[in-house]
$ cat structure.txt   # compact mmCIF, C-alpha atoms
# COMPACT_ATOMS: atom_id res chain seq x y z
CA MET A 127 74.45 105.70 74.90
CA THR A 128 75.22 103.78 78.06
CA THR A 129 74.54 100.07 77.64
CA LYS A 130 73.69 97.54 80.30
CA GLY A 131 77.28 96.27 80.16
CA ASP A 132 78.73 99.78 80.35
CA PHE A 133 76.61 100.62 83.40
CA THR A 134 77.54 97.34 85.07
CA MET A 135 81.23 98.14 84.57
CA SER A 136 80.62 101.69 85.80
CA LEU A 137 79.11 100.37 89.02
CA LEU A 138 81.82 97.78 89.50
CA ASP A 139 84.80 99.96 88.60
CA ASN A 140 83.78 103.44 89.72
CA PHE A 141 81.25 102.89 92.49
CA LYS A 142 82.12 99.34 93.59
CA VAL A 143 78.55 98.04 93.63
CA ASP A 144 78.45 94.26 93.28
CA ILE A 145 75.87 93.66 90.54
CA LYS A 146 75.33 90.00 91.43
CA THR A 147 74.63 90.91 95.05
CA LEU A 148 72.39 93.76 93.93
CA THR A 149 70.32 91.49 91.67
CA ASP A 150 70.05 88.87 94.39
CA ILE A 151 68.77 91.48 96.88
CA GLN A 152 66.20 92.70 94.35
CA SER A 153 65.01 89.18 93.57
CA ARG A 154 64.62 88.14 97.21
CA LEU A 155 62.87 91.30 98.35
CA ALA A 156 60.58 91.40 95.32
CA LYS A 157 59.46 87.83 95.99
CA LEU A 158 58.75 88.63 99.63
CA VAL A 159 56.59 91.64 98.89
CA ASP A 160 55.32 90.54 95.45
CA VAL A 161 56.01 93.97 93.94
CA PRO A 162 56.99 94.50 90.26
CA THR A 163 60.61 95.70 90.27
CA ILE A 164 63.36 96.57 87.81
CA ILE A 165 66.71 98.37 88.21
CA VAL A 166 67.87 100.49 85.27
CA ASP A 167 70.83 102.68 84.37
CA PRO A 168 70.53 106.47 83.74
CA GLU A 169 69.54 105.73 80.11
CA GLY A 170 66.74 103.40 81.22
CA ASN A 171 68.52 100.20 80.17
CA PRO A 172 67.79 97.26 82.52
CA VAL A 173 70.67 96.27 84.79
CA SER A 174 68.86 93.42 86.52
CA GLU A 175 66.24 90.89 85.53
CA ILE A 176 62.65 92.01 85.99
CA SER A 177 60.76 90.78 89.06
CA ASN A 178 56.99 90.22 89.36
CA PHE A 179 56.09 92.15 86.21
CA THR A 180 52.44 91.91 85.19
CA PRO A 181 51.68 89.88 82.04
CA PHE A 182 50.53 93.13 80.41
CA CYS A 183 53.91 94.84 80.90
CA LYS A 184 55.85 91.70 79.95
CA LEU A 185 53.86 91.62 76.70
CA ILE A 186 54.64 95.28 75.98
CA ARG A 187 58.38 94.72 76.56
CA SER A 188 58.34 91.60 74.38
CA SER A 189 57.80 93.91 71.41
CA PRO A 190 60.99 95.65 70.13
CA LYS A 191 59.11 98.93 69.74
CA GLY A 192 57.44 98.51 73.12
CA SER A 193 60.74 97.70 74.81
CA ARG A 194 62.40 100.81 73.39
CA LYS A 195 59.47 102.95 74.53
CA CYS A 196 59.60 101.45 78.06
CA ILE A 197 63.33 102.13 78.29
CA ALA A 198 62.85 105.76 77.21
CA CYS A 199 59.97 106.16 79.66
CA ASP A 200 62.06 104.70 82.53
CA ALA A 201 64.98 107.01 81.70
CA GLU A 202 62.74 110.11 81.70
CA ALA A 203 61.13 109.09 85.00
CA GLY A 204 64.55 108.63 86.63
CA LEU A 205 65.78 112.05 85.48
CA ILE A 206 62.66 113.80 86.78
CA ALA A 207 63.07 112.01 90.13
CA VAL A 208 66.68 113.25 90.32
CA GLU A 209 65.60 116.82 89.51
CA LYS A 210 62.91 116.69 92.19
CA LYS A 211 65.32 114.87 94.56
CA THR A 212 62.61 112.48 95.74
CA PRO A 213 60.88 109.21 94.81
CA ARG A 214 57.74 109.82 92.79
CA THR A 215 54.77 108.24 91.03
CA TYR A 216 54.04 108.94 87.38
CA THR A 217 51.84 107.76 84.51
CA CYS A 218 53.76 105.58 82.05
CA HIS A 219 53.27 105.63 78.29
CA THR A 220 50.62 102.88 78.45
CA GLY A 221 48.51 104.72 81.02
CA LEU A 222 49.53 102.68 84.08
CA ILE A 223 50.73 104.27 87.33
CA ASP A 224 54.41 103.54 88.05
CA CYS A 225 56.89 104.54 90.75
CA VAL A 226 60.57 105.46 90.60
CA SER A 227 63.33 106.05 93.15
CA PRO A 228 66.77 107.31 91.97
CA ILE A 229 70.05 105.63 92.99
CA ILE A 230 72.62 108.27 93.96
CA VAL A 231 76.15 107.50 95.17
CA ASP A 232 78.68 110.22 95.95
CA ASP A 233 76.47 112.77 94.14
CA HIS A 234 76.45 110.63 90.98
CA PHE A 235 73.15 109.47 89.45
CA LEU A 236 73.68 105.76 88.78
CA GLY A 237 70.19 104.71 87.78
CA SER A 238 66.76 104.01 89.23
CA VAL A 239 64.57 101.41 90.88
CA LEU A 240 61.18 101.30 89.17
CA GLY A 241 57.90 99.40 89.25
CA GLY A 242 54.23 99.73 90.01
CA GLN A 243 52.17 98.86 86.90
CA VAL A 244 48.87 99.53 88.66
CA LEU A 245 45.66 101.49 88.26
CA ILE A 246 44.20 103.74 90.99
CA ASP A 247 40.92 102.58 92.47
CA GLY A 248 38.15 105.15 91.99
CA GLU A 249 40.22 107.07 89.40
CA GLN A 250 40.91 104.53 86.66
CA THR A 251 39.54 101.28 85.29
CA ARG A 252 41.04 98.70 83.00
CA ASP A 253 38.77 100.03 80.25
CA THR A 254 40.64 103.35 80.32
CA ILE A 255 43.72 101.69 78.81
CA ASP A 256 43.82 102.40 75.07
CA ILE A 257 44.74 98.93 73.86
CA LYS A 258 43.89 99.82 70.24
CA ARG A 259 46.59 102.52 70.23
CA ILE A 260 49.04 100.27 72.04
CA SER A 261 48.35 97.40 69.63
CA LYS A 262 48.94 99.58 66.58
CA GLU A 263 51.96 101.47 68.00
CA PHE A 264 53.86 98.42 69.22
CA GLU A 265 52.57 95.86 66.71
CA ILE A 266 51.03 93.58 69.36
CA PRO A 267 47.85 91.58 68.60
CA ILE A 268 44.92 93.23 70.32
CA ASN A 269 43.49 89.94 71.52
CA ALA A 270 46.79 89.20 73.32
CA LEU A 271 46.57 92.56 75.08
CA GLU A 272 42.94 91.92 76.07
CA LYS A 273 43.91 88.63 77.76
CA THR A 274 46.43 90.43 80.03
CA LEU A 275 44.24 93.35 81.12
CA HIS A 276 42.57 91.58 84.04
CA PHE A 277 46.05 90.91 85.60
CA ILE A 278 46.63 94.64 86.14
CA PRO A 279 46.14 95.44 89.87
CA VAL A 280 43.73 98.18 90.88
CA VAL A 281 44.91 99.66 94.21
CA SER A 282 44.34 102.65 96.46
CA ARG A 283 46.64 105.68 96.59
CA GLN A 284 47.58 104.70 100.13
CA TYR A 285 48.51 101.18 99.03
CA LEU A 286 50.57 102.62 96.17
CA GLN A 287 52.66 104.46 98.77
CA ASN A 288 53.86 101.05 99.96
CA TYR A 289 55.33 100.51 96.49
CA VAL A 290 57.09 103.88 96.67
CA ASP A 291 58.51 103.08 100.11
CA PHE A 292 59.80 99.72 98.87
CA TYR A 293 61.55 101.19 95.82
CA ASN A 294 63.06 103.93 97.96
CA PHE A 295 64.32 101.33 100.45
CA LEU A 296 65.91 99.25 97.69
CA ALA A 297 67.50 102.32 96.05
CA ASN A 298 68.96 103.38 99.40
CA GLN A 299 70.33 99.88 99.99
CA ILE A 300 72.10 99.96 96.63
CA ALA A 301 73.46 103.44 97.36
CA GLN A 302 74.75 102.28 100.75
CA MET A 303 76.52 99.38 99.04
CA GLY A 304 78.24 101.87 96.75
CA ILE A 305 79.17 104.22 99.60
CA HIS A 306 80.54 101.33 101.66
CA ARG A 307 82.69 100.12 98.78
CA LEU A 308 83.91 103.65 98.02
CA THR A 309 84.87 104.13 101.67
CA GLN A 310 86.77 100.83 101.69
CA GLU A 311 88.56 101.78 98.47
CA LYS A 312 89.47 105.21 99.87
CA LEU A 313 90.87 103.71 103.08
CA LEU A 314 92.85 101.15 101.09
CA LYS A 315 94.25 103.86 98.82
CA GLU A 316 95.22 106.02 101.82
CA SER A 317 96.89 102.99 103.42
CA ARG A 318 98.89 102.34 100.23
CA GLU A 319 99.92 106.00 99.97
CA LYS A 320 100.97 106.02 103.63
CA PHE A 321 103.04 102.88 103.11
CA GLN A 322 104.71 104.38 100.02
CA LEU A 323 105.52 107.59 101.90
CA GLU A 324 106.95 105.58 104.78
CA GLN A 325 109.10 103.57 102.37
CA GLN A 326 110.24 106.76 100.67
CA ALA A 327 111.05 108.30 104.06
CA LYS A 328 113.15 105.26 104.99
CA LYS A 329 115.07 105.49 101.72
CA MET A 330 115.67 109.20 102.24
CA GLU A 331 116.75 108.54 105.82
CA LEU A 332 119.23 105.93 104.60
CA LYS A 333 120.60 108.31 101.99
CA THR A 334 120.97 111.00 104.66
CA ILE A 335 122.83 108.60 106.95
CA ARG A 336 125.17 107.67 104.13
CA ALA A 337 125.73 111.34 103.33
CA GLN A 338 126.55 112.08 106.96
CA ILE A 339 129.47 109.65 107.22
CA HIS A 340 132.31 111.49 108.91
CA PRO A 341 130.89 115.03 108.43
CA HIS A 342 133.39 116.47 110.90
CA PHE A 343 136.26 115.21 108.78
CA LEU A 344 134.69 116.81 105.69
CA PHE A 345 134.13 120.21 107.32
CA ASN A 346 137.54 120.25 109.02
CA THR A 347 139.17 119.51 105.69
CA LEU A 348 137.25 122.28 103.94
CA ASN A 349 138.13 124.76 106.67
CA THR A 350 141.78 123.79 106.41
CA ILE A 351 141.72 124.38 102.66
CA ALA A 352 140.00 127.74 103.18
CA ARG A 353 142.69 128.85 105.65
CA MET A 354 145.37 127.80 103.18
CA ALA A 355 143.65 129.89 100.49
CA LEU A 356 143.69 132.86 102.90
CA ILE A 357 147.41 132.39 103.58
CA GLU A 358 148.09 132.13 99.85
CA ASP A 359 146.06 135.31 99.26
CA ALA A 360 143.29 133.66 97.23
CA PRO A 361 140.14 135.35 98.62
CA LYS A 362 137.81 134.05 95.90
CA THR A 363 138.88 130.48 96.56
CA GLU A 364 138.47 131.02 100.29
CA GLU A 365 134.95 132.42 99.78
CA LEU A 366 133.97 129.54 97.49
CA ILE A 367 135.13 126.95 100.02
CA TYR A 368 133.23 128.60 102.85
CA GLN A 369 130.07 128.78 100.72
CA LEU A 370 130.40 125.08 99.95
CA SER A 371 131.06 124.24 103.59
CA ASN A 372 128.00 126.20 104.77
CA LEU A 373 125.84 124.68 102.03
CA LEU A 374 126.81 121.15 103.02
CA ARG A 375 126.42 121.89 106.72
CA TYR A 376 122.88 123.19 106.21
CA ASN A 377 121.86 120.28 103.99
CA LEU A 378 123.32 117.65 106.33
CA LYS A 379 122.46 119.09 109.70
CA ASN A 380 119.16 120.91 109.17
CA ALA A 381 116.75 118.83 111.25
CA GLU A 382 113.70 121.09 110.88
CA ASP A 383 110.91 119.63 108.79
CA LEU A 384 109.46 123.10 108.17
CA PRO A 385 112.28 125.67 108.31
CA ARG A 386 111.73 129.36 107.66
CA ILE A 387 111.68 130.52 104.06
CA LYS A 388 114.54 132.93 104.74
CA ASP A 389 116.76 130.03 105.87
CA GLU A 390 115.97 128.03 102.74
CA ILE A 391 116.61 131.09 100.58
CA SER A 392 119.95 131.71 102.29
CA ASN A 393 120.93 128.17 101.46
CA ILE A 394 119.83 128.60 97.84
CA LYS A 395 122.00 131.73 97.64
CA ARG A 396 125.01 129.66 98.72
CA TYR A 397 124.32 127.12 95.99
CA LEU A 398 123.80 129.79 93.33
CA ALA A 399 126.92 131.70 94.45
CA ILE A 400 128.99 128.56 93.87
CA GLN A 401 127.40 127.93 90.47
CA THR A 402 127.85 131.52 89.26
CA PHE A 403 131.51 131.28 90.33
CA ARG A 404 131.87 128.07 88.28
CA TYR A 405 130.24 129.49 85.15
CA SER A 406 131.46 133.07 85.49
CA ASP A 407 129.35 135.43 83.36
CA ARG A 408 127.38 132.59 81.70
CA ILE A 409 125.06 132.15 84.71
CA SER A 410 123.31 134.81 86.79
CA TYR A 411 120.46 134.84 89.27
CA GLU A 412 117.97 137.16 90.93
CA ILE A 413 115.94 136.57 94.10
CA ASP A 414 112.88 138.73 94.72
CA ILE A 415 111.02 137.36 97.75
CA ASP A 416 108.61 139.59 99.64
CA GLU A 417 110.06 140.31 103.06
CA SER A 418 106.60 139.74 104.52
CA ILE A 419 106.83 135.99 103.83
CA MET A 420 110.39 135.34 104.99
CA GLU A 421 109.24 134.11 108.42
CA TYR A 422 106.72 131.67 106.98
CA ARG A 423 107.51 127.96 107.01
CA ILE A 424 108.17 125.70 104.05
CA PRO A 425 109.04 121.98 103.76
CA SER A 426 112.81 121.64 103.88
CA MET A 427 114.74 121.10 100.68
CA ILE A 428 111.90 121.60 98.19
CA LEU A 429 113.44 124.67 96.55
CA GLN A 430 116.97 123.39 95.99
CA PRO A 431 116.06 120.34 93.82
CA ILE A 432 114.03 122.61 91.53
CA VAL A 433 116.80 125.22 91.34
CA GLU A 434 119.28 122.41 90.57
CA ASN A 435 116.98 121.16 87.79
CA SER A 436 116.91 124.67 86.32
CA MET A 437 120.69 124.79 86.44
CA ILE A 438 121.45 121.27 85.16
CA HIS A 439 118.66 120.78 82.60
CA GLY A 440 117.92 124.39 81.69
CA LEU A 441 121.05 126.54 81.76
CA GLU A 442 124.07 124.21 81.60
CA PRO A 443 123.19 122.77 78.15
CA LYS A 444 122.66 126.28 76.77
CA LYS A 445 125.88 127.61 75.24
CA GLU A 446 125.22 131.22 76.18
CA GLY A 447 123.97 130.30 79.67
CA GLY A 448 121.13 132.24 81.20
CA LYS A 449 119.46 133.46 84.34
CA ILE A 450 117.48 131.96 87.22
CA THR A 451 114.86 134.13 88.92
CA ILE A 452 113.17 133.20 92.20
CA THR A 453 110.10 135.14 93.32
CA GLY A 454 107.67 134.70 96.19
CA LYS A 455 104.51 136.41 97.38
CA VAL A 456 101.20 135.96 99.21
CA LEU A 457 98.21 135.32 96.95
CA PRO A 458 94.81 137.03 97.45
CA ASN A 459 93.50 133.80 99.04
CA LYS A 460 96.35 134.03 101.62
CA ASP A 461 98.29 131.08 100.16
CA LEU A 462 101.94 131.34 99.14
CA LEU A 463 103.23 131.22 95.59
CA ILE A 464 106.95 130.71 94.96
CA LYS A 465 108.22 130.60 91.37
CA ILE A 466 111.55 129.46 89.95
CA ASP A 467 112.05 130.75 86.41
CA ASP A 468 114.90 130.18 83.99
CA ASN A 469 115.44 131.22 80.37
CA GLY A 470 117.22 128.01 79.48
CA LYS A 471 116.58 125.08 77.12
CA GLY A 472 112.96 124.62 78.14
CA ILE A 473 111.01 121.37 78.09
CA GLU A 474 109.43 119.59 75.13
CA ALA A 475 105.63 119.35 75.22
CA GLU A 476 105.50 115.56 75.69
CA LEU A 477 107.93 115.58 78.62
CA LEU A 478 106.21 118.64 80.12
CA HIS A 479 102.88 116.80 80.06
CA MET A 480 104.48 113.79 81.73
CA LEU A 481 106.05 115.92 84.46
CA ASN A 482 102.74 117.65 85.17
CA ASN A 483 100.96 114.30 85.40
CA LEU A 484 103.37 112.12 87.33
CA ASN A 485 101.64 109.21 89.05
CA ASP A 486 102.70 106.50 91.44
CA ARG A 487 104.00 104.34 88.59
CA SER A 488 106.17 106.98 86.96
CA GLU A 489 109.78 105.84 86.73
CA HIS A 490 111.24 108.38 84.32
CA HIS A 491 114.48 109.56 85.92
CA THR A 492 113.92 113.14 84.75
CA GLY A 493 110.82 113.41 86.89
CA ILE A 494 112.09 111.88 90.13
CA GLY A 495 113.01 115.21 91.76
CA ILE A 496 109.77 116.85 90.64
CA LYS A 497 107.67 113.90 91.82
CA ASN A 498 109.40 113.68 95.22
CA THR A 499 108.95 117.39 95.77
CA ASN A 500 105.29 117.29 94.75
CA ASP A 501 104.64 114.21 96.92
CA ARG A 502 106.13 115.94 99.96
CA ILE A 503 104.00 119.05 99.42
CA CYS A 504 100.85 116.91 99.09
CA HIS A 505 101.85 114.92 102.18
CA HIS A 506 102.29 118.08 104.27
CA PHE A 507 99.35 120.14 103.03
CA GLY A 508 96.94 117.96 101.02
CA LYS A 509 96.39 117.34 97.32
CA GLU A 510 95.00 120.81 96.70
CA TYR A 511 98.58 122.06 96.99
CA SER A 512 101.22 121.08 94.44
CA ILE A 513 103.78 122.25 91.92
CA LYS A 514 103.07 123.11 88.30
CA LEU A 515 105.45 123.43 85.36
CA GLU A 516 105.14 125.74 82.38
CA SER A 517 107.69 125.78 79.59
CA GLN A 518 108.47 126.58 76.00
CA PRO A 519 111.45 124.92 74.28
CA ASN A 520 114.52 127.17 73.99
CA THR A 521 112.65 130.00 75.72
CA PHE A 522 111.78 129.47 79.39
CA THR A 523 110.71 127.12 82.18
CA THR A 524 108.64 128.18 85.20
CA VAL A 525 108.02 125.98 88.23
CA SER A 526 105.25 127.28 90.50
CA ILE A 527 105.06 126.05 94.09
CA HIS A 528 101.67 126.58 95.74
CA ILE A 529 101.55 126.09 99.52
CA PRO A 530 99.60 127.52 102.48
CA CYS A 531 100.95 130.24 104.76
CA ILE A 532 102.34 128.65 107.92
CA LYS A 533 104.24 130.42 110.68
$ encode --input "structure.txt" --output "structure tokens"
Amino acid sequence: MTTKGDFTMSLLDNFKVDIKTLTDIQSRLAKLVDVPTIIVDPEGNPVSEISNFTPFCKLIRSSPKGSRKCIACDAEAGLIAVEKKTPRTYTCHTGLIDCVSPIIVDDHFLGSVLGGQVLIDGEQTRDTIDIKRISKEFEIPINALEKTLHFIPVVSRQYLQNYVDFYNFLANQIAQMGIHRLTQEKLLKESREKFQLEQQAKKMELKTIRAQIHPHFLFNTLNTIARMALIEDAPKTEELIYQLSNLLRYNLKNAEDLPRIKDEISNIKRYLAIQTFRYSDRISYEIDIDESIMEYRIPSMILQPIVENSMIHGLEPKKEGGKITITGKVLPNKDLLIKIDDNGKGIEAELLHMLNNLNDRSEHHTGIGIKNTNDRICHHFGKEYSIKLESQPNTFTTVSIHIPCIK
């Protein structure tokens, strides 16, 4: 059951409603309008002190049994108001007419503003209250109850509407406090995420600059070696050098943020060709991408880090090697799904859970590539798009990349 403290923490932590401010608002307004008021959580537990309660209701709540019954009655009234989606009047367990207005923030029911404690003129009298039953049920002396009866207001239905309007106003004020705080928190979070992405971009830019030192010297040297291999009649060596040269040239000089899928796949083929040459018959690969998606766009360099992970962490440690399979297709909802599968070492359950739940504080080196790739996808397309890992130790690993179709 939610306690007063639990609800207070819920408001503070999840919905950012300042309880001290809330109580102060209730106290000031209740004094101005002289209306009985209490704010409760969804279970009916009081969050604030009571304001302007009649002596009769204070006496009922002074009894442990009476207090429990009032809390249950308040909780039921709040739930009915939520179901009906409107403030309402109702008859409480003692026979008095009360009012309730639900507090809703971001579609969450946080509690209710309640009060009333009146009788309706022309419909009820103070004699209609069964004080004998109340005395017996809540163990309150009947003479004490009799002394408080004349304090119960008898009002018209029209006047009672003023109570309803007040509770609705106060509930809306509390909800607006919550919405305002949530909006501030959201903006602050977005600002932090933007700053982190900018910092990450600067680091990546610096790494790229460092990697591009004297690229002409590098490519000229590789071309020279390739020509020497041709002269020495070493065609496989020549081919390997050209594959490496083209791979480096694409990685260093590709300026497009969203290149075509076919260009990224061509680059992956260069990388895999070099690796299969290194490992001979231990490593193989297959690429099965629907031709219909080859012209679609994809964030640059999100496939290669995952393919490298499959190679380094999946296949290299496996004595007999294995195979990498890359597939891609359009889903029924018109999004793209690209999968990188390998039948390598797999991932242990604990590490797999960590990789699928990387957060801003994750520092595990194994997850850096996965996290960076996932962050870039979310940055480009929103958090509904991401990567997901499935794996079974010593059997397989599958990385699924879910992105929208962009031409």
$ atom_distance --input "structure.txt" --atom1 "CA of Val226 (chain A)" --atom2 "CA of Pro267 (chain A)"
29.0 Å
$ atom_distance --input "structure.txt" --atom1 "CA of His479 (chain A)" --atom2 "CA of Leu515 (chain A)"
8.9 Å
$ closest_residue --input "structure.txt" --among "A:Leu457, A:His219, A:Ile391, A:Glu209" --to "Arg194 (chain A)" --atoms "all atoms listed in the file"
A:His219
$ atom_distance --input "structure.txt" --atom1 "CA of Ile176 (chain A)" --atom2 "CA of Ile255 (chain A)"
22.4 Å
$ closest_residue --input "structure.txt" --among "A:Ile165, A:Ser193, A:Asp407, A:Lys449" --to "Glu263 (chain A)" --atoms "only C-alpha atoms"
A:Ser193
$ residues_near_point --input "structure.txt" --point "(70.0, 106.0, 93.4)" --cutoff "12 Å" --atoms "all atoms listed in the file" --output "ChimeraX atom specification"
/A:137,141,143,165-168,204-205,207-208,211-213,226-240,293-305
$ closest_residue --input "structure.txt" --among "A:Gly248, A:Gly241, A:Gly495, A:Gly221" --to "Asp200 (chain A)" --atoms "all atoms listed in the file"
A:Gly241
$ closest_residue --input "structure.txt" --among "A:Pro458, A:Gly508, A:Pro425, A:Gly448" --to "Phe522 (chain A)" --atoms "only C-alpha atoms"
A:Gly448
$ residues_around --input "structure.txt" --residues "region 189-191 of chain A" --least-positions-apart "3" --cutoff "12 Å" --atoms "only C-alpha atoms" --output "PyMOL selection string"
chain A and resi 182-186+194-198+260-267+271
$ closest_residue --input "structure.txt" --among "A:Ile223, A:Ile466, A:Met480, A:Cys504" --to "Val290 (chain A)" --atoms "all atoms listed in the file"
A:Ile223
$ closest_residue --input "structure.txt" --among "A:Val433, A:Leu462, A:Ile424, A:Leu366" --to "Tyr411 (chain A)" --atoms "only C-alpha atoms"
A:Val433
$ residues_around --input "structure.txt" --residues "Gly447 (chain A)" --least-positions-apart "2" --cutoff "8 Å" --atoms "only C-alpha atoms" --output "list of chain:residue names"
A:Arg408, A:Ile409, A:Leu441, A:Glu442, A:Pro443, A:Lys444, A:Lys445, A:Lys449, A:Gly470
$ build_atoms --input "structure.txt" --residues "region 464-475 of chain A" --atoms "N, CA and C atoms" --output "PDB file, in the coordinates of the input"
ATOM      1  N   ILE A 464     105.520 130.532  95.219  1.00  0.00           N
ATOM      2  CA  ILE A 464     106.950 130.710  94.960  1.00  0.00           C
ATOM      3  C   ILE A 464     107.231 130.186  93.558  1.00  0.00           C
ATOM      4  N   LYS A 465     107.916 130.994  92.746  1.00  0.00           N
ATOM      5  CA  LYS A 465     108.220 130.600  91.370  1.00  0.00           C
ATOM      6  C   LYS A 465     109.721 130.565  91.132  1.00  0.00           C
ATOM      7  N   ILE A 466     110.162 129.555  90.416  1.00  0.00           N
ATOM      8  CA  ILE A 466     111.550 129.460  89.950  1.00  0.00           C
ATOM      9  C   ILE A 466     111.514 129.500  88.440  1.00  0.00           C
ATOM     10  N   ASP A 467     112.036 130.570  87.860  1.00  0.00           N
ATOM     11  CA  ASP A 467     112.050 130.750  86.410  1.00  0.00           C
ATOM     12  C   ASP A 467     113.478 130.640  85.878  1.00  0.00           C
ATOM     13  N   ASP A 468     113.613 130.095  84.687  1.00  0.00           N
ATOM     14  CA  ASP A 468     114.900 130.180  83.990  1.00  0.00           C
ATOM     15  C   ASP A 468     114.636 130.374  82.505  1.00  0.00           C
ATOM     16  N   ASN A 469     115.572 130.993  81.807  1.00  0.00           N
ATOM     17  CA  ASN A 469     115.440 131.220  80.370  1.00  0.00           C
ATOM     18  C   ASN A 469     116.349 130.268  79.605  1.00  0.00           C
ATOM     19  N   GLY A 470     116.339 129.009  80.060  1.00  0.00           N
ATOM     20  CA  GLY A 470     117.220 128.010  79.480  1.00  0.00           C
ATOM     21  C   GLY A 470     116.611 127.232  78.333  1.00  0.00           C
ATOM     22  N   LYS A 471     116.937 125.934  78.265  1.00  0.00           N
ATOM     23  CA  LYS A 471     116.580 125.080  77.120  1.00  0.00           C
ATOM     24  C   LYS A 471     115.083 124.806  77.038  1.00  0.00           C
ATOM     25  N   GLY A 472     114.380 124.924  78.152  1.00  0.00           N
ATOM     26  CA  GLY A 472     112.960 124.620  78.140  1.00  0.00           C
ATOM     27  C   GLY A 472     112.687 123.123  78.108  1.00  0.00           C
ATOM     28  N   ILE A 473     111.427 122.778  78.034  1.00  0.00           N
ATOM     29  CA  ILE A 473     111.010 121.370  78.090  1.00  0.00           C
ATOM     30  C   ILE A 473     110.067 121.097  76.926  1.00  0.00           C
ATOM     31  N   GLU A 474     110.308 119.985  76.234  1.00  0.00           N
ATOM     32  CA  GLU A 474     109.430 119.590  75.130  1.00  0.00           C
ATOM     33  C   GLU A 474     108.032 119.273  75.667  1.00  0.00           C
ATOM     34  N   ALA A 475     107.034 119.468  74.798  1.00  0.00           N
ATOM     35  CA  ALA A 475     105.630 119.350  75.220  1.00  0.00           C
ATOM     36  C   ALA A 475     105.307 117.986  75.815  1.00  0.00           C
TER      37      ALA A 475
END
